[in-house]
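> The structure is given below, and queries will be raised subsequently.
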Amino acid sequence: MKARKFMVAAAAVAAGAVGLSACGGGSEGSDGGDVSMTFWHNSTTGEGKAYWEETVAAFEEANPGVTISIQSIQNEDMDGKLQTALNSGDAPDIFMARGGGKLADVVEAGQVLDISDAIDDATRTAVGEGAFSAFTVDGAVYGMPTAVLPGGIYYSADLFEEAGITEAPETLDDLDDAVEKLKAAGIDPIALGAKDAWPAAHWYYFFALRECSQDTMLAAAESMTFDDPCWTRAGEDLQDLVGTEPFNNGFLTTSAQQGAGSSAGLLANHEAAMELMGAWNPGVIASLTPDEQPLADLEWFPFPAVDGGQGAPGAMMGGVDGFSCSAQAPVEECTAFLNFFMQQEYQEKYAQAFHTLPASQEAQSVVTEPALQSILETYGDAPYVMVWLDTLFGQNVGNALNTGVVDMLAGSTDAAGVVAAVNDAAARE
């Protein structure tokens with residue numbers, strides 16, 4: 001069984017005070033000629049796509065002779081296409097990465113560049129070690145963080161008011177009560193895009209975060225065994241929630257982020273009241289409202305507490321989005337681009353374009369949307385932040401977990417079956 005020696009992002013949002021230096025000034029390839037690079041990201045429309053086009057253009061202008069070819073790929077297709085490209089030896093020079101076990105697998109395969117010595121001091125100061133830890137394997141850094149993305153429950157304040165809900169739920173009993181009030185008001189309580197698997201699995205992840213201690217979760221990531229009873233209890237908690245029928249009609253065939261009929265679209269158009277998702281969600285929702293503007297009544301609360309759970313109160317789960325250089329990328333030019341878009345100016349533009357939390361603490365002052373401000377405050381107080389479990393456990397085990405949860409929601413397995421499927425996948429690693 002493979003050892004997985006990577007760090008997990010710890011929750012500490014400290015203010016940075018040092019400005020970032022520019023990385024312009026012309027970059028040459030090692031042979032003195034022009035350099036071309038390929039760049040894959042997951043922003044296929046709107047402000048996010050425009051942000052990367054403008055940022056790449058600015059980098060090319062500052063670095064004559066360097067050209068970057070952009071390919072935007074639908075988020076749900078990214079992992080599969082990237083893995084195929086990596087395995088075929090035709091990987092993009094710059095690609096999206098999310099750290100954890102998925103990155104550790106790529107590191108073990110020798111497919112990604114160690115950028116530890118190429119990170120600007122100013123970038124390190126602005127980002128902090130917490131975000132970099134998600135991209136750290138055996139003490140070396142293999143990716144540049146761009147956004148911190150803790151998860152929780154987004155909700156429509158207007159629909160809550162319509163249903164007579166006066167306070168955000170803090171416990172599972174509170175959540176159950178909110179579900180009943182919303183159903184009584186004729187409102188779908190929770191939007192879920194289970195067609196894409198991972199959004200459904202997020203519910204299991206968060207129940208595991210509440211049921212399992214941090215030590216248990218980290219030990220499972222290292223040993224790839226899931227024998228602690230907390231893993232089964234997490235599934236049973238989710239089964240209990242499903243028994244209240246909280247999700248939108250047809251949730252098993254609903255996508256997460258594609259169109260008005262997706263789970264994000266249901267919340268964006270006031271067709272459902274809540275959605276469990278990461279801190280990228282405000283931007284996705286904004287792209288799906290009728291006027292393609294941020295949802296005015298969008299608010300957020302952390303995942304509710306679970307009675308008797310071993311997870312620390314206030315613990316969060318989320319991810320750190322970032323970008324890596326492939327092992328075959330031109331080192332100087334690729335790492336220069338990573339440092340370039342981490343300048344405060346571009347991190348501020350990133351936060352505004354994606355309606356999310358930038359990794360640079362210097363840029364977080366531009367975050368004004370209420371939901372994101374609530375997340376940032378909670379994130380700063382969290383005792384620890386666990387990486388999304390499919391990221392933490394790697395692609396094969398993570399996929400088995402995601403599929404097992406969907407099977408459980410469809411009634412073809414139970415909580416014990418989910419754990420058995422994960423253990424079986426881990427035994428094949």
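Starting from 1 in every chain, residues are counted up; chains themselves are A, B, ... following the order of the structure tokens, and ligands are numbered from 1 as listed.
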If you count only C-alpha atoms, which residues fall within 8 Å of Leu338 (chain A), apart from same-chain ones fewer than 4 positions away, as a PyMOL selection string?
chain A and resi 144+323+334+342
> Output N, CA and C atoms for every residue in that selection, as a compact mmCIF listing (two decimals), in the first residue's frame.

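Dumped everything to part_4.txt:
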# COMPACT_ATOMS: atom_id res chain seq x y z
N MET A 144 0.63 26.08 -6.68
CA MET A 144 0.42 27.44 -6.21
C MET A 144 -1.05 27.64 -5.84
N PHE A 323 -2.76 25.78 -8.98
CA PHE A 323 -2.24 25.35 -10.28
C PHE A 323 -0.83 24.83 -10.12
N CYS A 334 7.13 28.75 -16.51
CA CYS A 334 5.94 28.24 -15.82
C CYS A 334 5.85 28.79 -14.41
N MET A 342 -0.24 35.59 -8.71
CA MET A 342 -0.40 35.71 -7.26
C MET A 342 -0.12 37.12 -6.75
> Based on the backbone DSSP call, show me all residues of region 133-377 of chain A assigned strand (DSSP E), as a compact mmCIF listing (two decimals) with N, CA, C and O atoms, in the first residue's frame.

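The new file selection14.txt reads:
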# COMPACT_ATOMS: atom_id res chain seq x y z
N THR A 136 1.71 20.42 -0.41
CA THR A 136 3.01 19.98 0.08
C THR A 136 3.03 18.46 0.22
O THR A 136 2.16 17.88 0.87
N VAL A 137 4.01 17.83 -0.41
CA VAL A 137 4.19 16.38 -0.33
C VAL A 137 5.64 16.11 0.05
O VAL A 137 6.57 16.60 -0.62
N ALA A 140 7.99 19.16 0.10
CA ALA A 140 8.17 19.97 -1.11
C ALA A 140 6.81 20.46 -1.61
O ALA A 140 5.79 19.79 -1.45
N VAL A 141 6.82 21.65 -2.22
CA VAL A 141 5.58 22.27 -2.70
C VAL A 141 5.44 22.01 -4.19
O VAL A 141 6.36 22.26 -4.97
N MET A 144 0.63 26.08 -6.68
CA MET A 144 0.42 27.44 -6.21
C MET A 144 -1.05 27.64 -5.84
O MET A 144 -1.93 27.56 -6.71
N PRO A 145 -1.37 27.90 -4.58
CA PRO A 145 -2.77 28.11 -4.19
C PRO A 145 -3.32 29.39 -4.80
O PRO A 145 -2.64 30.42 -4.83
N THR A 146 -4.56 29.34 -5.27
CA THR A 146 -5.22 30.55 -5.76
C THR A 146 -6.47 30.90 -4.95
O THR A 146 -6.83 32.07 -4.87
N ALA A 147 -7.12 29.91 -4.37
CA ALA A 147 -8.34 30.18 -3.61
C ALA A 147 -8.47 29.20 -2.46
O ALA A 147 -8.09 28.03 -2.59
N VAL A 148 -8.97 29.68 -1.34
CA VAL A 148 -9.32 28.81 -0.21
C VAL A 148 -10.83 28.62 -0.25
O VAL A 148 -11.58 29.59 -0.37
N LEU A 149 -11.28 27.36 -0.14
CA LEU A 149 -12.67 27.05 -0.47
C LEU A 149 -13.35 26.19 0.59
O LEU A 149 -13.79 25.07 0.32
N PRO A 150 -13.43 26.67 1.82
CA PRO A 150 -14.15 25.89 2.84
C PRO A 150 -15.62 25.76 2.50
O PRO A 150 -16.20 26.62 1.82
N GLY A 152 -19.81 24.67 3.38
CA GLY A 152 -20.90 24.89 4.32
C GLY A 152 -22.20 24.99 3.55
O GLY A 152 -22.26 24.65 2.37
N ILE A 153 -23.24 25.46 4.20
CA ILE A 153 -24.57 25.46 3.59
C ILE A 153 -24.97 26.88 3.20
O ILE A 153 -25.07 27.77 4.05
N TYR A 154 -25.20 27.07 1.90
CA TYR A 154 -25.70 28.34 1.37
C TYR A 154 -27.22 28.30 1.41
O TYR A 154 -27.84 27.26 1.20
N TYR A 155 -27.82 29.46 1.65
CA TYR A 155 -29.28 29.49 1.70
C TYR A 155 -29.83 30.84 1.24
O TYR A 155 -29.14 31.87 1.28
N SER A 156 -31.08 30.80 0.84
CA SER A 156 -31.81 31.99 0.45
C SER A 156 -32.48 32.57 1.69
O SER A 156 -33.39 31.96 2.26
N ASP A 188 -38.79 23.46 -1.89
CA ASP A 188 -37.81 22.38 -1.80
C ASP A 188 -36.71 22.83 -0.83
O ASP A 188 -36.05 23.85 -1.07
N PRO A 189 -36.47 22.07 0.24
CA PRO A 189 -35.51 22.54 1.24
C PRO A 189 -34.06 22.59 0.75
O PRO A 189 -33.38 23.60 0.93
N ILE A 190 -33.59 21.50 0.14
CA ILE A 190 -32.17 21.39 -0.20
C ILE A 190 -32.00 20.97 -1.65
O ILE A 190 -32.58 19.97 -2.08
N ALA A 272 -35.14 26.31 -4.72
CA ALA A 272 -34.78 25.53 -3.54
C ALA A 272 -34.10 26.49 -2.57
O ALA A 272 -33.57 27.54 -2.96
N ALA A 273 -34.10 26.11 -1.28
CA ALA A 273 -33.67 27.05 -0.25
C ALA A 273 -32.22 26.92 0.15
O ALA A 273 -31.61 27.90 0.60
N MET A 274 -31.63 25.72 0.04
CA MET A 274 -30.28 25.49 0.55
C MET A 274 -29.47 24.63 -0.40
O MET A 274 -30.03 23.88 -1.21
N GLU A 275 -28.15 24.74 -0.26
CA GLU A 275 -27.24 23.84 -0.97
C GLU A 275 -25.94 23.75 -0.19
O GLU A 275 -25.39 24.77 0.23
N LEU A 276 -25.46 22.53 0.01
CA LEU A 276 -24.15 22.30 0.64
C LEU A 276 -23.08 22.36 -0.43
O LEU A 276 -23.10 21.57 -1.38
N MET A 277 -22.11 23.27 -0.27
CA MET A 277 -21.13 23.46 -1.34
C MET A 277 -19.94 24.23 -0.79
O MET A 277 -19.97 24.77 0.31
N LEU A 298 -28.35 35.77 -0.76
CA LEU A 298 -27.57 34.57 -0.46
C LEU A 298 -26.81 34.72 0.84
O LEU A 298 -26.05 35.68 1.03
N GLU A 299 -27.01 33.78 1.74
CA GLU A 299 -26.29 33.76 3.01
C GLU A 299 -25.75 32.35 3.25
O GLU A 299 -25.96 31.44 2.44
N TRP A 300 -25.06 32.16 4.37
CA TRP A 300 -24.30 30.92 4.59
C TRP A 300 -24.25 30.59 6.07
O TRP A 300 -24.21 31.49 6.92
N PHE A 301 -24.24 29.28 6.38
CA PHE A 301 -23.98 28.86 7.76
C PHE A 301 -23.14 27.58 7.73
O PHE A 301 -23.20 26.80 6.77
N MET A 316 -13.84 22.61 10.04
CA MET A 316 -14.39 22.83 8.70
C MET A 316 -13.77 21.84 7.72
O MET A 316 -12.76 21.21 8.01
N MET A 317 -14.43 21.74 6.59
CA MET A 317 -13.89 20.95 5.49
C MET A 317 -13.92 21.80 4.24
O MET A 317 -14.81 22.62 4.05
N GLY A 318 -12.92 21.62 3.40
CA GLY A 318 -12.88 22.40 2.17
C GLY A 318 -11.68 22.03 1.34
O GLY A 318 -11.07 20.98 1.54
N GLY A 319 -11.34 22.90 0.47
CA GLY A 319 -10.22 22.65 -0.42
C GLY A 319 -9.46 23.92 -0.68
O GLY A 319 -9.83 25.00 -0.25
N VAL A 320 -8.37 23.74 -1.38
CA VAL A 320 -7.56 24.86 -1.84
C VAL A 320 -7.34 24.65 -3.33
O VAL A 320 -6.66 23.71 -3.72
N ASP A 321 -7.94 25.49 -4.13
CA ASP A 321 -7.71 25.38 -5.57
C ASP A 321 -6.38 26.03 -5.91
O ASP A 321 -5.99 27.05 -5.31
N GLY A 322 -5.70 25.47 -6.87
CA GLY A 322 -4.44 26.04 -7.28
C GLY A 322 -4.00 25.49 -8.62
O GLY A 322 -4.78 24.81 -9.31
N PHE A 323 -2.76 25.78 -8.98
CA PHE A 323 -2.24 25.35 -10.28
C PHE A 323 -0.83 24.83 -10.12
O PHE A 323 -0.05 25.34 -9.31
N SER A 324 -0.52 23.81 -10.90
CA SER A 324 0.78 23.17 -10.89
C SER A 324 1.41 23.22 -12.27
O SER A 324 0.73 23.43 -13.27
N CYS A 325 2.72 23.01 -12.30
CA CYS A 325 3.46 22.88 -13.55
C CYS A 325 3.76 21.40 -13.78
O CYS A 325 4.18 20.70 -12.85
> Excluding Asn75 (chain A) and its own-chain neighbours fewer than 3 positions away, which residues fall within 8 Å of it when counting only C-alpha atoms? Please give them as a PDB file with N, CA and C atoms, in the first residue's frame.

ATOM      1  N   ASN A  42     -10.721  25.481 -15.332  1.00  0.00           N
ATOM      2  CA  ASN A  42     -12.088  24.969 -15.370  1.00  0.00           C
ATOM      3  C   ASN A  42     -13.147  26.064 -15.458  1.00  0.00           C
ATOM      4  N   SER A  43     -12.783  27.236 -15.976  1.00  0.00           N
ATOM      5  CA  SER A  43     -13.738  28.342 -16.090  1.00  0.00           C
ATOM      6  C   SER A  43     -14.174  28.467 -17.548  1.00  0.00           C
ATOM      7  N   MET A  78     -12.673  17.734 -15.728  1.00  0.00           N
ATOM      8  CA  MET A  78     -11.267  18.080 -15.590  1.00  0.00           C
ATOM      9  C   MET A  78     -10.413  16.909 -15.099  1.00  0.00           C
ATOM     10  N   ASP A  79     -10.800  16.266 -14.009  1.00  0.00           N
ATOM     11  CA  ASP A  79      -9.954  15.221 -13.435  1.00  0.00           C
ATOM     12  C   ASP A  79      -9.683  14.103 -14.422  1.00  0.00           C
TER      13      ASP A  79
END
> What does the distance between CA of Gly193 (chain A) and CA of Pro358 (chain A) come to in Å, to one decimal place?
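Going from CA of Gly193 (chain A) over to CA of Pro358 (chain A) covers 25.3 Å.
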